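Engineer: So here's input16.tsv (TSV, C-alpha atoms and all ligand atoms).
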```tsv
chain	number	residue	atom	x	y	z
A	1	MET	CA	3.42	-1.78	9.94
A	2	THR	CA	0.00	-2.35	11.54
A	3	ALA	CA	-1.62	-5.79	11.66
A	4	GLY	CA	-4.00	-4.99	8.79
A	5	LEU	CA	-1.22	-3.79	6.51
A	6	ALA	CA	1.14	-6.56	7.53
A	7	GLY	CA	-1.53	-9.20	6.87
A	8	LEU	CA	-2.13	-7.96	3.33
A	9	ALA	CA	1.62	-7.67	2.66
A	10	ALA	CA	2.03	-11.26	3.87
A	11	ARG	CA	-0.66	-12.46	1.42
A	12	VAL	CA	1.28	-10.77	-1.37
A	13	ASP	CA	4.58	-12.26	-0.16
A	14	ARG	CA	3.15	-15.78	-0.19
A	15	ARG	CA	1.69	-15.44	-3.68
A	16	LEU	CA	4.55	-13.68	-5.52
A	17	PRO	CA	6.88	-16.68	-6.03
A	18	GLU	CA	3.97	-18.86	-7.18
A	19	LEU	CA	3.37	-16.50	-10.09
A	20	LEU	CA	6.84	-16.84	-11.59
A	21	PRO	CA	8.42	-19.70	-13.54
A	22	HIS	CA	10.45	-22.07	-11.31
A	23	PRO	CA	14.00	-20.67	-11.00
A	24	ALA	CA	15.48	-23.97	-12.22
A	25	GLU	CA	13.53	-23.72	-15.47
A	26	ARG	CA	15.46	-22.50	-18.54
A	27	PRO	CA	16.76	-19.76	-18.76
A	28	ALA	CA	17.62	-20.41	-15.10
A	29	ALA	CA	19.76	-17.29	-14.61
A	30	VAL	CA	16.94	-15.00	-15.74
A	31	HIS	CA	14.29	-16.83	-13.72
A	32	GLU	CA	16.50	-16.74	-10.65
A	33	ALA	CA	17.11	-13.01	-11.06
A	34	MET	CA	13.36	-12.40	-11.52
A	35	LEU	CA	12.65	-14.24	-8.28
A	36	TYR	CA	15.49	-12.47	-6.48
A	37	ALA	CA	14.31	-9.01	-7.49
A	38	LEU	CA	10.63	-9.71	-6.88
A	39	THR	CA	10.75	-11.50	-3.56
A	40	GLY	CA	13.39	-9.38	-1.80
A	41	PRO	CA	12.10	-7.89	1.45
A	42	GLY	CA	10.12	-4.92	0.12
A	43	LYS	CA	7.27	-3.20	1.92
A	44	ARG	CA	4.62	-4.17	-0.73
A	45	VAL	CA	2.90	-0.81	-0.38
A	46	ARG	CA	1.58	-0.72	-3.96
A	47	PRO	CA	-0.03	-4.20	-4.03
A	48	VAL	CA	-1.44	-3.56	-0.55
A	49	LEU	CA	-3.03	-0.42	-1.98
A	50	THR	CA	-4.62	-2.47	-4.79
A	51	LEU	CA	-5.98	-5.01	-2.29
A	52	MET	CA	-7.33	-2.32	0.03
A	53	VAL	CA	-9.10	-0.45	-2.75
A	54	ALA	CA	-10.61	-3.62	-4.23
A	55	GLU	CA	-11.83	-4.69	-0.80
A	56	LEU	CA	-13.25	-1.24	-0.11
A	57	PHE	CA	-15.52	-1.75	-3.12
A	58	GLY	CA	-16.37	-5.35	-2.20
A	59	GLU	CA	-13.86	-7.52	-4.10
A	60	ARG	CA	-11.57	-9.86	-2.19
A	61	SER	CA	-10.93	-12.75	-4.58
A	62	ALA	CA	-7.73	-14.66	-5.36
A	63	THR	CA	-7.85	-12.97	-8.76
A	64	VAL	CA	-7.42	-9.55	-7.15
A	65	LEU	CA	-4.40	-10.88	-5.28
A	66	ASP	CA	-2.80	-11.82	-8.62
A	67	LEU	CA	-3.64	-8.38	-9.97
A	68	ALA	CA	-1.98	-6.80	-6.94
A	69	CYS	CA	1.09	-9.00	-7.46
A	70	SER	CA	1.33	-7.78	-11.05
A	71	ILE	CA	1.73	-4.23	-9.71
A	72	GLU	CA	4.59	-5.42	-7.48
A	73	MET	CA	6.19	-7.01	-10.57
A	74	VAL	CA	6.12	-3.67	-12.38
A	75	HIS	CA	7.63	-2.04	-9.30
A	76	ALA	CA	10.40	-4.68	-9.07
A	77	CYS	CA	11.11	-4.18	-12.79
A	78	SER	CA	11.45	-0.43	-12.24
A	79	LEU	CA	13.82	-0.96	-9.28
A	80	ILE	CA	16.13	-3.19	-11.33
A	81	LEU	CA	16.28	-0.56	-14.07
A	82	ASP	CA	16.62	2.35	-11.65
A	83	ASP	CA	19.62	0.69	-9.97
A	84	LEU	CA	21.58	0.05	-13.20
A	85	PRO	CA	24.98	1.72	-13.66
A	86	SER	CA	23.52	3.89	-16.45
A	87	MET	CA	20.79	5.14	-14.10
A	88	ASP	CA	21.33	5.44	-10.32
A	89	ASP	CA	24.30	3.05	-10.24
A	90	ALA	CA	23.20	1.59	-6.90
A	91	ALA	CA	24.93	-1.23	-5.04
A	92	LEU	CA	22.34	-2.02	-2.37
A	93	ARG	CA	18.60	-2.64	-2.59
A	94	ARG	CA	16.35	-4.10	0.10
A	95	GLY	CA	19.42	-4.84	2.19
A	96	ARG	CA	21.07	-6.98	-0.51
A	97	PRO	CA	23.19	-6.42	-3.63
A	98	THR	CA	21.19	-4.89	-6.48
A	99	ALA	CA	20.12	-7.30	-9.24
A	100	HIS	CA	22.89	-6.29	-11.65
A	101	ARG	CA	25.50	-6.66	-8.90
A	102	ALA	CA	24.18	-10.14	-8.11
A	103	TYR	CA	23.55	-11.41	-11.67
A	104	GLY	CA	25.35	-9.06	-14.07
A	105	GLU	CA	23.82	-6.32	-16.15
A	106	ALA	CA	22.59	-8.39	-19.10
A	107	VAL	CA	20.71	-10.89	-16.91
A	108	ALA	CA	19.30	-8.10	-14.72
A	109	LEU	CA	17.94	-6.30	-17.80
A	110	LEU	CA	16.35	-9.47	-19.15
A	111	ALA	CA	14.88	-10.22	-15.71
A	112	SER	CA	13.33	-6.75	-15.52
A	113	LEU	CA	11.72	-7.27	-18.93
A	114	GLY	CA	10.62	-10.73	-17.86
A	115	LEU	CA	8.84	-9.26	-14.83
A	116	LEU	CA	7.20	-6.53	-16.88
A	117	ASN	CA	5.96	-9.03	-19.43
A	118	ARG	CA	4.61	-11.33	-16.74
A	119	ALA	CA	2.82	-8.37	-15.15
A	120	TYR	CA	0.95	-7.49	-18.34
A	121	ALA	CA	-0.03	-11.13	-18.86
A	122	LEU	CA	-1.35	-11.31	-15.29
A	123	VAL	CA	-3.42	-8.14	-15.65
A	124	ALA	CA	-4.98	-9.47	-18.86
A	125	GLU	CA	-5.74	-12.84	-17.24
A	126	ALA	CA	-7.15	-11.23	-14.08
A	127	ALA	CA	-9.34	-8.81	-16.02
A	128	HIS	CA	-10.66	-11.65	-18.16
A	129	ARG	CA	-11.47	-13.81	-15.13
A	130	LEU	CA	-13.24	-10.97	-13.30
A	131	SER	CA	-15.63	-10.37	-16.26
A	132	LEU	CA	-16.63	-6.87	-15.21
A	133	ARG	CA	-19.62	-4.80	-16.23
A	134	ARG	CA	-18.01	-1.37	-16.30
A	135	TYR	CA	-14.47	-2.14	-17.49
A	136	THR	CA	-13.00	-4.31	-20.24
A	137	THR	CA	-9.74	-6.27	-20.23
A	138	GLU	CA	-8.46	-3.71	-22.71
A	139	ASP	CA	-9.30	-0.85	-20.27
A	140	MET	CA	-7.20	-2.44	-17.54
A	141	VAL	CA	-4.20	-3.34	-19.72
A	142	HIS	CA	-4.23	0.10	-21.36
A	143	HIS	CA	-4.42	1.73	-17.98
A	144	LEU	CA	-1.30	-0.02	-16.76
A	145	ALA	CA	0.52	0.62	-20.04
A	146	ALA	CA	-0.27	4.34	-19.81
A	147	ALA	CA	1.01	4.50	-16.23
A	148	ILE	CA	4.32	2.89	-17.22
A	149	GLY	CA	4.83	4.60	-20.58
A	150	SER	CA	6.71	7.71	-21.64
A	151	ASP	CA	3.95	9.81	-20.07
A	152	GLY	CA	4.22	7.78	-16.86
A	153	LEU	CA	7.08	6.08	-14.98
A	154	ILE	CA	9.36	6.17	-18.00
A	155	GLY	CA	8.71	9.89	-18.54
A	156	GLY	CA	9.35	10.75	-14.89
A	157	GLN	CA	12.53	8.70	-14.80
A	158	ALA	CA	13.76	10.25	-18.07
A	159	LEU	CA	13.38	13.79	-16.79
A	160	ASP	CA	14.88	12.81	-13.44
A	161	LEU	CA	18.01	11.63	-15.25
A	162	LEU	CA	18.18	14.26	-17.97
A	163	SER	CA	17.16	17.53	-16.29
A	164	ARG	CA	20.01	19.90	-15.49
A	165	PRO	CA	20.11	21.34	-11.95
A	166	GLU	CA	19.81	24.90	-13.25
A	167	GLU	CA	16.49	24.18	-14.99
A	168	MET	CA	14.96	22.48	-11.94
A	169	ASN	CA	12.02	24.11	-10.20
A	170	LEU	CA	9.06	22.92	-8.10
A	171	ASP	CA	6.87	22.43	-11.15
A	172	LEU	CA	9.39	20.21	-12.97
A	173	LEU	CA	10.17	18.32	-9.77
A	174	GLU	CA	6.50	17.66	-9.19
A	175	TYR	CA	6.21	16.32	-12.76
A	176	ILE	CA	9.17	14.00	-12.16
A	177	HIS	CA	7.97	12.65	-8.82
A	178	SER	CA	4.34	12.30	-9.72
A	179	HIS	CA	5.32	10.37	-12.86
A	180	LYS	CA	8.22	8.20	-11.73
A	181	THR	CA	6.50	7.25	-8.45
A	182	GLY	CA	2.95	8.65	-8.33
A	183	ALA	CA	1.83	7.02	-11.60
A	184	LEU	CA	2.25	3.48	-10.25
A	185	PHE	CA	0.46	4.35	-7.00
A	186	MET	CA	-2.41	5.69	-9.10
A	187	ALA	CA	-2.50	2.61	-11.32
A	188	ALA	CA	-2.41	0.37	-8.23
A	189	ALA	CA	-5.48	2.11	-6.80
A	190	GLU	CA	-7.32	2.43	-10.11
A	191	LEU	CA	-6.82	-1.23	-11.07
A	192	GLY	CA	-8.06	-2.20	-7.61
A	193	ALA	CA	-11.20	-0.11	-8.18
A	194	MET	CA	-11.68	-1.51	-11.68
A	195	ALA	CA	-11.31	-5.07	-10.39
A	196	ALA	CA	-14.21	-4.37	-8.02
A	197	ASP	CA	-16.28	-2.84	-10.84
A	198	ALA	CA	-16.38	0.44	-8.88
A	199	ARG	CA	-18.28	3.41	-10.28
A	200	ARG	CA	-16.14	5.92	-12.27
A	201	LYS	CA	-16.84	8.52	-9.59
A	202	ASP	CA	-15.39	6.22	-6.92
A	203	LEU	CA	-12.43	5.36	-9.13
A	204	GLU	CA	-11.65	9.06	-9.42
A	205	ILE	CA	-11.75	9.45	-5.64
A	206	VAL	CA	-9.18	6.72	-5.05
A	207	ALA	CA	-7.06	8.00	-7.95
A	208	ARG	CA	-6.87	11.44	-6.29
A	209	TYR	CA	-6.00	9.80	-2.98
A	210	ALA	CA	-3.24	7.72	-4.60
A	211	LYS	CA	-1.79	10.67	-6.51
A	212	ASN	CA	-1.22	12.58	-3.27
A	213	LEU	CA	-0.07	9.49	-1.40
A	214	GLY	CA	2.44	8.62	-4.16
A	215	LEU	CA	3.92	12.10	-4.27
A	216	ALA	CA	4.22	12.20	-0.47
A	217	PHE	CA	5.81	8.72	-0.57
A	218	GLN	CA	8.52	9.96	-2.95
A	219	ILE	CA	9.21	13.05	-0.82
A	220	ALA	CA	9.53	10.75	2.21
A	221	ASP	CA	12.00	8.69	0.14
A	222	ASP	CA	14.08	11.80	-0.56
A	223	LEU	CA	13.98	12.70	3.14
A	224	LEU	CA	15.17	9.22	4.11
A	225	ASP	CA	18.02	9.57	1.61
A	226	VAL	CA	19.42	12.41	3.72
A	227	LEU	CA	18.15	11.51	7.20
A	228	ALA	CA	18.50	7.71	7.43
A	229	THR	CA	21.38	5.24	7.18
A	230	ALA	CA	21.77	2.48	4.57
A	231	GLU	CA	21.25	-0.01	7.39
A	232	GLU	CA	17.84	1.48	8.14
A	233	THR	CA	16.63	1.81	4.54
A	234	GLY	CA	18.34	-1.26	3.04
A	235	LYS	CA	19.58	0.80	0.10
A	236	ASP	CA	22.32	3.27	-0.70
A	237	THR	CA	21.71	6.61	0.99
A	238	GLY	CA	23.15	10.01	0.16
A	239	LYS	CA	22.68	9.09	-3.53
A	240	ASP	CA	20.73	12.25	-4.23
A	241	THR	CA	23.53	14.71	-3.44
A	242	LYS	CA	23.95	15.53	-7.14
A	243	LYS	CA	20.21	15.51	-7.78
A	244	VAL	CA	17.72	18.28	-7.17
A	245	THR	CA	15.03	17.01	-4.81
A	246	PHE	CA	12.25	18.59	-2.74
A	247	VAL	CA	14.66	18.44	0.20
A	248	LYS	CA	17.19	20.51	-1.77
A	249	LEU	CA	14.58	23.02	-2.93
A	250	LEU	CA	12.61	23.35	0.32
A	251	GLY	CA	14.97	22.12	3.04
A	252	VAL	CA	14.20	19.19	5.40
A	253	ALA	CA	11.44	21.00	7.32
A	254	GLY	CA	9.88	22.36	4.11
A	255	ALA	CA	9.87	18.93	2.46
A	256	GLN	CA	8.39	17.36	5.62
A	257	ALA	CA	5.66	19.99	5.68
A	258	LEU	CA	4.86	19.42	2.01
A	259	ALA	CA	4.68	15.64	2.50
A	260	GLU	CA	2.30	16.11	5.45
A	261	GLU	CA	0.16	18.53	3.43
A	262	LEU	CA	-0.13	16.02	0.58
A	263	LEU	CA	-1.03	13.24	3.02
A	264	GLY	CA	-3.69	15.57	4.43
A	265	PHE	CA	-5.11	16.00	0.90
A	266	ALA	CA	-5.08	12.22	0.50
A	267	VAL	CA	-7.10	11.77	3.70
A	268	THR	CA	-9.58	14.53	2.80
A	269	SER	CA	-10.20	13.03	-0.62
A	270	LEU	CA	-11.54	9.92	1.15
A	271	ASP	CA	-14.32	11.83	2.94
A	272	PRO	CA	-17.10	10.80	0.51
A	273	LEU	CA	-16.30	7.13	1.18
A	274	GLY	CA	-16.83	7.35	4.94
A	275	LYS	CA	-15.58	4.81	7.48
A	276	LYS	CA	-15.15	1.97	5.02
A	277	ALA	CA	-12.05	3.78	3.71
A	278	ASP	CA	-10.31	3.49	7.11
A	279	PRO	CA	-7.66	1.04	5.82
A	280	LEU	CA	-6.61	3.68	3.28
A	281	ARG	CA	-6.31	6.20	6.13
A	282	GLU	CA	-4.14	3.68	7.95
A	283	LEU	CA	-1.90	3.48	4.86
A	284	VAL	CA	-1.47	7.25	5.02
A	285	ARG	CA	-0.32	6.97	8.64
A	286	PHE	CA	2.14	4.27	7.63
A	287	VAL	CA	3.65	6.48	4.90
A	288	SER	CA	3.80	9.43	7.27
A	289	ARG	CA	5.79	7.41	9.83
A	290	ARG	CA	7.87	5.20	7.59
A	291	SER	CA	11.55	4.82	8.39
A	292	ARG	CA	12.61	2.61	5.44
B	301	LIG	C1	9.52	0.03	-17.47
B	301	LIG	C2	8.48	-0.25	-15.19
B	301	LIG	C3	9.39	0.48	-16.07
B	301	LIG	C4	10.06	1.55	-15.57
B	301	LIG	C5	11.07	2.34	-16.35
B	301	LIG	C6	13.34	2.94	-14.25
B	301	LIG	C7	12.02	3.62	-14.37
B	301	LIG	C8	11.34	3.70	-15.70
B	301	LIG	C9	11.42	4.22	-13.34
B	301	LIG	C10	11.99	4.21	-11.97
B	301	LIG	C11	10.91	4.48	-10.99
B	301	LIG	C12	11.41	4.41	-9.58
B	301	LIG	C13	12.31	3.30	-9.16
B	301	LIG	C14	11.00	5.34	-8.73
B	301	LIG	C15	11.37	5.36	-7.30
B	301	LIG	C16	10.18	4.94	-6.51
B	301	LIG	C17	10.51	4.57	-5.09
B	301	LIG	C18	10.16	5.56	-4.05
B	301	LIG	C19	11.05	3.37	-4.83
B	301	LIG	C20	11.19	2.81	-3.49
B	301	LIG	O1	9.95	2.15	-3.22
B	301	LIG	P1	9.65	1.39	-1.88
B	301	LIG	O2	10.11	2.21	-0.72
B	301	LIG	O3	10.62	0.13	-2.02
B	301	LIG	O4	8.23	0.96	-1.89
B	301	LIG	P2	10.42	-1.36	-1.48
B	301	LIG	O5	11.80	-1.93	-1.54
B	301	LIG	O6	9.86	-1.30	-0.09
B	301	LIG	O7	9.50	-2.03	-2.44
```
What is this structure when it is put down as structure tokens?
Ligand code: GRG
Structural biologist:
Amino acid sequence: MTAGLAGLAARVDRRLPELLPHPAERPAAVHEAMLYALTGPGKRVRPVLTLMVAELFGERSATVLDLACSIEMVHACSLILDDLPSMDDAALRRGRPTAHRAYGEAVALLASLGLLNRAYALVAEAAHRLSLRRYTTEDMVHHLAAAIGSDGLIGGQALDLLSRPEEMNLDLLEYIHSHKTGALFMAAAELGAMAADARRKDLEIVARYAKNLGLAFQIADDLLDVLATAEETGKDTGKDTKKVTFVKLLGVAGAQALAEELLGFAVTSLDPLGKKADPLRELVRFVSRRSR
């Protein structure tokens, strides 16, 4: 991670625990599990994206940091759910036992809902505090809800779990990846743009960038599942053997080429923004080289 990226990730890391109830507060088990899942050593790519986009359009307040943290809360919620025995049945996440292995399934489920709820509250509070000209609080909350809903993360995850290998093709796989992963990247960028009161035209530019970045990020994840060890990634690897992925459909070289092509689209979409979008170009390089 470069200094710019690492600095933003560190700001997020410092703020995250301050935004949750104290773990000793009742119900302690749920609060502890929320903190455990949220503050585990993740890369913070999505909140960094929110911060970078907001800054690109001139907004660098503490309020934007809280908005960015709300995106990480949604992500942590989705990881808890994704790891459950009824979903991916994963044992390891971020180099530690998954939330349900550490706290039991019931507490992990309640913690994931606790994080999701806290995220919505934070977005509403941040939007209210920012008092924007172009966007309302309702716009921002609706935007996040749409990204998470059955036509967003939930939809992508559902089809990932329910699709049979024989019905899988590139089109369906693209739907799954761009919803289960791409939708939150897009919301992270769009909320960052909204927080800075960016023009709709500029919001669309960063949304296109994030769509391509998110899809490439998921393909890189599938590649790491076959190419890296659990020690390197901090999570179970080889989990996708029963799943159809881009690596299965296109082979390692084909999936790598597709990821690079998508990252190229992401970079090109930034052209109208000029040099001030350099941090977003740096984020593309990070995704292209990531090893965990
Ligand atoms: C209600 C929020 C919500 C979701 C329900 C379970 C679910 C629907 C969706 C799962 C989405 C999911 C976990 C997609 C995988 C995305 C992905 C590539 C995760 C790994 O992200 P990294 O590498 O992880 O950023 P770290 O640990 O660095 O944060």
Engineer: Could the residues of stretch 109-161 of chain A that have an atom at most 12 Å from stretch 88-99 of chain A be listed as JSON lines, each with its closest atom pair and the distance in Å to one decimal, counting all atoms listed in the file and ordered by chain and ascending residue number?
Structural biologist:
```
{"residue": "A:Leu109", "atom": "CA", "partner": "A:Ala99", "partner_atom": "CA", "distance": 8.9}
{"residue": "A:Leu110", "atom": "CA", "partner": "A:Ala99", "partner_atom": "CA", "distance": 10.8}
{"residue": "A:Ala111", "atom": "CA", "partner": "A:Ala99", "partner_atom": "CA", "distance": 8.8}
{"residue": "A:Ser112", "atom": "CA", "partner": "A:Ala99", "partner_atom": "CA", "distance": 9.3}
{"residue": "A:Gln157", "atom": "CA", "partner": "A:Asp88", "partner_atom": "CA", "distance": 10.4}
{"residue": "A:Ala158", "atom": "CA", "partner": "A:Asp88", "partner_atom": "CA", "distance": 11.9}
{"residue": "A:Asp160", "atom": "CA", "partner": "A:Asp88", "partner_atom": "CA", "distance": 10.3}
{"residue": "A:Leu161", "atom": "CA", "partner": "A:Asp88", "partner_atom": "CA", "distance": 8.6}
```
Engineer: Please enclose the listed atoms of ligand LIG 301 (chain B) in an axis-aligned box, pad each side by 4 Å, and write out the centre and the three edge lengths in Å, rounded to one decimal, as JSON.
Structural biologist:
```
{"center_x": 10.8, "center_y": 1.8, "center_z": -8.8, "size_x": 13.1, "size_y": 15.6, "size_z": 25.4}
```
Engineer: Quick one: residues within 10 Å of (-7.0, 6.6, -0.7) (file frame), counting only C-alpha atoms, please, as a VMD selection string.
Structural biologist: chain A and resid 49 52 to 53 186 189 205 to 213 263 265 to 271 273 277 to 284
Engineer: Listing only residues of chain A within 6 Å of ligand LIG 301 (chain B), what is the closest atom pair and its distance in Å (to one decimal) for each, using all atoms listed in the file, sorted by chain and residue number ascending, as CSV?
Structural biologist:
```
residue,atom,partner,partner_atom,distance
A:Gly42,CA,B:LIG301,O6,3.6
A:Lys43,CA,B:LIG301,O6,3.8
A:Arg44,CA,B:LIG301,O7,5.6
A:Val45,CA,B:LIG301,O4,5.8
A:Val74,CA,B:LIG301,C2,5.0
A:Cys77,CA,B:LIG301,C2,5.3
A:Ser78,CA,B:LIG301,C4,4.1
A:Leu79,CA,B:LIG301,C13,4.5
A:Leu81,CA,B:LIG301,C6,4.6
A:Asp82,CA,B:LIG301,C6,4.2
A:Arg94,CA,B:LIG301,O5,5.3
A:Ile148,CA,B:LIG301,C2,5.6
A:Leu153,CA,B:LIG301,C8,4.9
A:Ile154,CA,B:LIG301,C8,3.9
A:Gln157,CA,B:LIG301,C9,4.8
A:Lys180,CA,B:LIG301,C11,4.6
A:Thr181,CA,B:LIG301,C16,4.8
A:Gln218,CA,B:LIG301,C18,4.8
A:Asp221,CA,B:LIG301,C18,5.5
```
Engineer: Just give me the gap between atom CA of A:Ala126 and atom CA of A:Ala195 in Å, one decimal is fine.
Structural biologist: 8.3 Å
Engineer: If we count only C-alpha atoms, what is near stretch 259-261 of chain A at a cut-off of 7 Å, once residues fewer than 4 positions away on the same chain are taken out, given as a CSV table (one decimal) with C-alpha atoms, in the frame of the given file?
Structural biologist:
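So the final result, stored in selection36.csv, reads:
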```csv
chain,number,residue,atom,x,y,z
A,216,ALA,CA,4.2,12.2,-0.5
A,219,ILE,CA,9.2,13.0,-0.8
A,220,ALA,CA,9.5,10.8,2.2
A,255,ALA,CA,9.9,18.9,2.5
A,265,PHE,CA,-5.1,16.0,0.9
```
Engineer: How many Å lie between atom CA of A:Ala187 and atom CA of A:His75, rounded to one decimal?
Structural biologist: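 Separation between atom CA of A:Ala187 and atom CA of A:His75: 11.3 Å.
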Engineer: Would you mind telling me which residue in A:Leu35, A:Leu250, A:Ala257, A:Ala198 lies nearest to A:Asn169 when using only C-alpha atoms?
Structural biologist: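 Nearest candidate to A:Asn169 out of A:Leu35, A:Leu250, A:Ala257, A:Ala198: A:Leu250.
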